[in-house]
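**Q** If you scroll down you'll find the structure; I have some questions about it.
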Amino acid sequence: MLDIRTLEDFHHSQNSLNTFKQCPLKFKLKYMDNINFKKDEEGYYENIETGLNFHLLCNRYFIGIDTSMGEDTKDKDKLEGWMKSLKKTIPINKDHTYLSEYTIRMAMDEVRLQANYDLIILKEDTIEIWDFKTESRKPIYRDLEKRMQTIVYMYVLMENLKLLGKTIEFSNLKMIYFNPQYEDQLIQIDYDEFKHEENHKSIKNIIDRIKEYDFQGLFDKSIYEKYCKYCEFERICEDKSGF
Ligand code: SF4
């Protein structure tokens with residue numbers, strides 16, 4: 001086990017924080033034991049591949065590279081439809097700056113975070129964070145607003161405006177979730193100072209819990225059972241009652 005808590009250069013992501021929140025054993029297996037397990041779910045990896053290709057095409061579009069695909073591209077028709085929808089939703093405006101596949105890392109005391117953005121759009125007085133989803137389920141505002149991704153992405157960006165050479169009001173930061181299968185159902189999350197403080201508290205709280213957690217001690221699987229059926233480690237952790 002590598003105790004990442006002792007590493008100076010380890011930065012938490014929305015994934016690592018969310019994983020610990022769901023189940024500390026899963027966090028240990030993924031981030032400390034470095035075990036990668038494939039999900040035992042039919043069609044899961046095919047869908048992931050199409051989603052990754054969509055993100056690749058989005059990146060090409062925002063950095064100004066041709067987005068046409070080869071004839072044998074998997075799910076070509078679907079991807080073309082999704083790109084049409086993206087271009088209609090976010091037409092390029094020469095007065096705006098598009099930061100595609102952009103990473104921000106920050107370290108403030110023990111809060112060391114990394115956020116990988118699909119897209120940041122810098123407008124005159126506003127900043128938009130866009131995240132592209134390709135799951136077949138319909139996006140729901142209340143789920144996305146509370147999501148660790150929303151908390152970390154908005155918090156990190158607001159704390160690092162200087163990097164982008166910007167000064168904006170809290171209310172001028174937006175996070176927008178876009179799924180090309182539901183193009184008329186953009187989910188926009190607004191921001192304010194209160195949310196920012198709450199986000200700081202909830203991120204700090206999880207980081208403190210990770211810092212203090214006894215990963216060698218006894219583990220009560222029953223507390224986390226509701227996450228087991230979605231967990232890729234279910235097969236190896238069936239009879240596990242301890243670390
Ligand atoms: S199967 Fe359940 S208990 Fe085991 S790591 Fe996954 S979520 Fe945790």
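Ordered as shown in the structure tokens, chains take letters A, B, and onward, while each chain numbers its residues from 1 and ligands are numbered from 1 in the order shown.
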Using only C-alpha atoms, which residues sit within 9 Å of Leu144 (chain A) once same-chain residues fewer than 6 positions away are excluded, as a VMD selection string?
**A** chain A and resid 150 177 187 189
**Q** Taking all heavy atoms for each residue, export the selection above as a PDB file, in the first residue's frame.
**A**
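As a result, again_36.pdb now contains:
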```
ATOM      1  N   THR A 150     -19.352  19.023  -9.568  1.00  0.00           N
ATOM      2  CA  THR A 150     -19.789  20.425  -9.573  1.00  0.00           C
ATOM      3  C   THR A 150     -19.101  21.194  -8.443  1.00  0.00           C
ATOM      4  O   THR A 150     -18.588  22.304  -8.643  1.00  0.00           O
ATOM      5  CB  THR A 150     -21.323  20.490  -9.380  1.00  0.00           C
ATOM      6  OG1 THR A 150     -21.946  19.664 -10.351  1.00  0.00           O
ATOM      7  CG2 THR A 150     -21.840  21.902  -9.483  1.00  0.00           C
ATOM      8  N   TYR A 177     -24.005  21.493 -17.783  1.00  0.00           N
ATOM      9  CA  TYR A 177     -23.877  20.103 -18.218  1.00  0.00           C
ATOM     10  C   TYR A 177     -24.640  19.935 -19.528  1.00  0.00           C
ATOM     11  O   TYR A 177     -25.808  20.314 -19.629  1.00  0.00           O
ATOM     12  CB  TYR A 177     -24.451  19.149 -17.167  1.00  0.00           C
ATOM     13  CG  TYR A 177     -23.564  18.997 -15.950  1.00  0.00           C
ATOM     14  CD1 TYR A 177     -23.751  19.791 -14.816  1.00  0.00           C
ATOM     15  CD2 TYR A 177     -22.535  18.060 -15.931  1.00  0.00           C
ATOM     16  CE1 TYR A 177     -22.936  19.642 -13.697  1.00  0.00           C
ATOM     17  CE2 TYR A 177     -21.720  17.906 -14.820  1.00  0.00           C
ATOM     18  CZ  TYR A 177     -21.924  18.700 -13.701  1.00  0.00           C
ATOM     19  OH  TYR A 177     -21.119  18.546 -12.603  1.00  0.00           O
ATOM     20  N   ILE A 187     -28.312  21.680 -18.288  1.00  0.00           N
ATOM     21  CA  ILE A 187     -28.470  21.905 -16.848  1.00  0.00           C
ATOM     22  C   ILE A 187     -27.451  22.968 -16.444  1.00  0.00           C
ATOM     23  O   ILE A 187     -26.243  22.743 -16.554  1.00  0.00           O
ATOM     24  CB  ILE A 187     -28.203  20.612 -16.038  1.00  0.00           C
ATOM     25  CG1 ILE A 187     -29.122  19.483 -16.503  1.00  0.00           C
ATOM     26  CG2 ILE A 187     -28.323  20.882 -14.540  1.00  0.00           C
ATOM     27  CD1 ILE A 187     -30.527  19.509 -16.014  1.00  0.00           C
ATOM     28  N   ILE A 189     -25.849  25.316 -13.491  1.00  0.00           N
ATOM     29  CA  ILE A 189     -25.727  25.514 -12.045  1.00  0.00           C
ATOM     30  C   ILE A 189     -25.147  26.910 -11.815  1.00  0.00           C
ATOM     31  O   ILE A 189     -24.088  27.239 -12.365  1.00  0.00           O
ATOM     32  CB  ILE A 189     -24.744  24.479 -11.408  1.00  0.00           C
ATOM     33  CG1 ILE A 189     -24.928  23.071 -11.977  1.00  0.00           C
ATOM     34  CG2 ILE A 189     -24.805  24.527  -9.880  1.00  0.00           C
ATOM     35  CD1 ILE A 189     -26.048  22.256 -11.498  1.00  0.00           C
TER      36      ILE A 189
END
```
**Q** Considering only C-alpha atoms, return as a PyMOL selection string whatever protein or nucleic-acid residues lie within 12 Å of Ser202 (chain A), sequence-local ones (same chain, fewer than 4 positions apart) excluded.
**A** chain A and resi 14+17-18+21+111+146-148+151-152+155+195-198+206-209
**Q** Let me see if you get this right: every residue at most 9 Å from ligand 1, counting only C-alpha atoms and all ligand atoms, written as a PyMOL selection string.
**A** chain A and resi 19+22-29+219-241
**Q** Could you please write out, as a CSV table (one decimal) with N, CA, C and O atoms, in the first residue's frame, every residue of region 65-175 of chain A that DSSP assigns to strand (DSSP E or B)?
**A**
```csv
chain,number,residue,atom,x,y,z
A,97,THR,N,-13.0,33.2,-25.4
A,97,THR,CA,-11.8,32.3,-25.3
A,97,THR,C,-12.3,30.9,-24.9
A,97,THR,O,-13.0,30.8,-23.9
A,98,TYR,N,-11.8,29.9,-25.6
A,98,TYR,CA,-12.2,28.5,-25.3
A,98,TYR,C,-11.0,27.7,-24.8
A,98,TYR,O,-10.0,27.6,-25.6
A,99,LEU,N,-11.1,27.3,-23.6
A,99,LEU,CA,-10.0,26.5,-23.0
A,99,LEU,C,-10.6,25.0,-23.0
A,99,LEU,O,-11.4,24.7,-22.1
A,100,SER,N,-10.1,24.2,-23.9
A,100,SER,CA,-10.6,22.9,-24.0
A,100,SER,C,-9.6,21.9,-23.4
A,100,SER,O,-8.4,22.0,-23.5
A,101,GLU,N,-10.2,20.9,-22.7
A,101,GLU,CA,-9.4,19.9,-22.0
A,101,GLU,C,-8.3,20.6,-21.1
A,101,GLU,O,-7.1,20.4,-21.2
A,102,TYR,N,-8.8,21.4,-20.2
A,102,TYR,CA,-8.0,22.3,-19.4
A,102,TYR,C,-7.9,21.8,-18.0
A,102,TYR,O,-8.9,21.5,-17.4
A,103,THR,N,-6.6,21.7,-17.5
A,103,THR,CA,-6.4,21.3,-16.1
A,103,THR,C,-6.0,22.4,-15.2
A,103,THR,O,-5.1,23.2,-15.5
A,104,ILE,N,-6.6,22.5,-14.0
A,104,ILE,CA,-6.1,23.4,-13.0
A,104,ILE,C,-5.7,22.6,-11.7
A,104,ILE,O,-6.5,21.8,-11.3
A,105,ARG,N,-4.6,22.9,-11.2
A,105,ARG,CA,-4.1,22.3,-10.0
A,105,ARG,C,-4.0,23.4,-8.9
A,105,ARG,O,-3.5,24.5,-9.3
A,106,MET,N,-4.4,23.1,-7.7
A,106,MET,CA,-4.2,24.1,-6.7
A,106,MET,C,-3.7,23.5,-5.4
A,106,MET,O,-4.0,22.3,-5.1
A,107,ALA,N,-3.0,24.2,-4.6
A,107,ALA,CA,-2.6,23.8,-3.2
A,107,ALA,C,-2.8,24.9,-2.3
A,107,ALA,O,-2.2,26.0,-2.4
A,108,MET,N,-3.7,24.7,-1.3
A,108,MET,CA,-3.9,25.8,-0.3
A,108,MET,C,-3.9,25.0,1.1
A,108,MET,O,-4.9,24.3,1.3
A,111,VAL,N,-5.5,21.5,1.3
A,111,VAL,CA,-6.4,21.3,0.2
A,111,VAL,C,-5.6,21.3,-1.1
A,111,VAL,O,-5.3,22.4,-1.6
A,112,ARG,N,-5.3,20.1,-1.5
A,112,ARG,CA,-4.6,20.0,-2.8
A,112,ARG,C,-5.5,19.3,-3.8
A,112,ARG,O,-5.9,18.2,-3.6
A,113,LEU,N,-5.9,20.1,-4.8
A,113,LEU,CA,-6.9,19.6,-5.7
A,113,LEU,C,-6.5,19.7,-7.2
A,113,LEU,O,-5.7,20.6,-7.6
A,114,GLN,N,-7.1,18.9,-8.0
A,114,GLN,CA,-6.9,18.9,-9.5
A,114,GLN,C,-8.2,18.8,-10.1
A,114,GLN,O,-9.0,18.0,-9.8
A,115,ALA,N,-8.5,19.7,-11.1
A,115,ALA,CA,-9.8,19.6,-11.8
A,115,ALA,C,-9.5,19.6,-13.3
A,115,ALA,O,-8.7,20.4,-13.8
A,116,ASN,N,-10.1,18.6,-14.0
A,116,ASN,CA,-9.8,18.5,-15.4
A,116,ASN,C,-11.1,18.9,-16.2
A,116,ASN,O,-12.1,18.1,-16.1
A,117,TYR,N,-11.1,20.0,-16.8
A,117,TYR,CA,-12.3,20.6,-17.4
A,117,TYR,C,-12.5,20.1,-18.8
A,117,TYR,O,-11.5,20.2,-19.6
A,118,ASP,N,-13.7,19.8,-19.2
A,118,ASP,CA,-13.9,19.5,-20.7
A,118,ASP,C,-13.7,20.9,-21.4
A,118,ASP,O,-13.1,20.9,-22.5
A,119,LEU,N,-14.3,21.9,-20.9
A,119,LEU,CA,-14.3,23.2,-21.6
A,119,LEU,C,-14.6,24.3,-20.6
A,119,LEU,O,-15.5,24.3,-19.8
A,120,ILE,N,-13.7,25.4,-20.7
A,120,ILE,CA,-14.0,26.6,-20.0
A,120,ILE,C,-14.2,27.7,-21.0
A,120,ILE,O,-13.3,27.8,-21.9
A,121,ILE,N,-15.2,28.5,-21.0
A,121,ILE,CA,-15.4,29.6,-21.9
A,121,ILE,C,-15.3,30.9,-21.1
A,121,ILE,O,-16.0,31.2,-20.2
A,122,LEU,N,-14.3,31.7,-21.6
A,122,LEU,CA,-14.1,33.0,-20.9
A,122,LEU,C,-14.8,34.0,-21.8
A,122,LEU,O,-14.5,34.3,-23.0
A,127,ILE,N,-17.7,33.5,-16.7
A,127,ILE,CA,-17.0,32.3,-17.1
A,127,ILE,C,-17.9,31.1,-17.0
A,127,ILE,O,-18.7,31.0,-16.1
A,128,GLU,N,-17.9,30.3,-18.1
A,128,GLU,CA,-18.7,29.1,-18.1
A,128,GLU,C,-17.8,27.9,-18.1
A,128,GLU,O,-16.9,27.8,-18.9
A,129,ILE,N,-18.2,27.0,-17.2
A,129,ILE,CA,-17.6,25.6,-17.2
A,129,ILE,C,-18.6,24.7,-17.9
A,129,ILE,O,-19.7,24.6,-17.5
A,130,TRP,N,-18.1,24.0,-18.9
A,130,TRP,CA,-19.0,23.1,-19.6
A,130,TRP,C,-18.5,21.7,-19.4
A,130,TRP,O,-17.3,21.4,-19.4
A,131,ASP,N,-19.4,20.8,-19.1
A,131,ASP,CA,-19.1,19.4,-19.0
A,131,ASP,C,-20.0,18.6,-19.9
A,131,ASP,O,-21.2,18.7,-19.9
A,132,PHE,N,-19.3,17.7,-20.7
A,132,PHE,CA,-20.1,16.9,-21.7
A,132,PHE,C,-20.3,15.5,-21.2
A,132,PHE,O,-19.4,14.8,-20.8
A,173,LEU,N,-20.1,33.1,-12.4
A,173,LEU,CA,-19.6,31.8,-12.8
A,173,LEU,C,-20.8,30.8,-12.9
A,173,LEU,O,-21.7,30.7,-12.1
A,174,LYS,N,-20.7,30.0,-14.0
A,174,LYS,CA,-21.8,29.1,-14.3
A,174,LYS,C,-21.2,27.7,-14.6
A,174,LYS,O,-20.1,27.7,-15.2
A,175,MET,N,-21.8,26.7,-14.2
A,175,MET,CA,-21.4,25.4,-14.7
A,175,MET,C,-22.6,24.8,-15.5
A,175,MET,O,-23.7,24.7,-15.0
```
**Q** Taking only C-alpha atoms into account, name the residue in A:Asn34, A:Ser13, A:Asn199, A:Thr73 that is nearest to Phe54 (chain A).
**A**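 Counting only C-alpha atoms, the residue closest to Phe54 (chain A) is A:Thr73.
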**Q** With distances taken over only C-alpha atoms, which residue among A:Ser171, A:Thr134, A:Ser68, A:Thr89 lies nearest Thr50 (chain A)?
**A**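 The closest residue to Thr50 (chain A) is A:Thr134.
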**Q** Give the answer as one residue: which of A:Asn179, A:Phe170, A:Tyr213, A:Thr6 has the shortest atom-to-atom distance to Glu193 (chain A), using only C-alpha atoms?
**A**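 That would be A:Phe170, the residue with the smallest distance to Glu193 (chain A).
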**Q** Which distance in Å separates CA of Asn15 (chain A) and CA of Leu56 (chain A), to one decimal?
**A**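 Between CA of Asn15 (chain A) and CA of Leu56 (chain A) the gap is 20.4 Å.
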**Q** Find, counting only C-alpha atoms, the residue in A:Asp77, A:Asn205, A:Asn172, A:Leu164 that gets nearest to Tyr191 (chain A).
**A**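 Once distances to Tyr191 (chain A) are computed over only C-alpha atoms, the minimum belongs to A:Asn172.
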**Q** Any idea what the distance is between CA of Pro180 (chain A) and CA of Ser85 (chain A)?
**A**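 CA of Pro180 (chain A) sits 5.8 Å away from CA of Ser85 (chain A).
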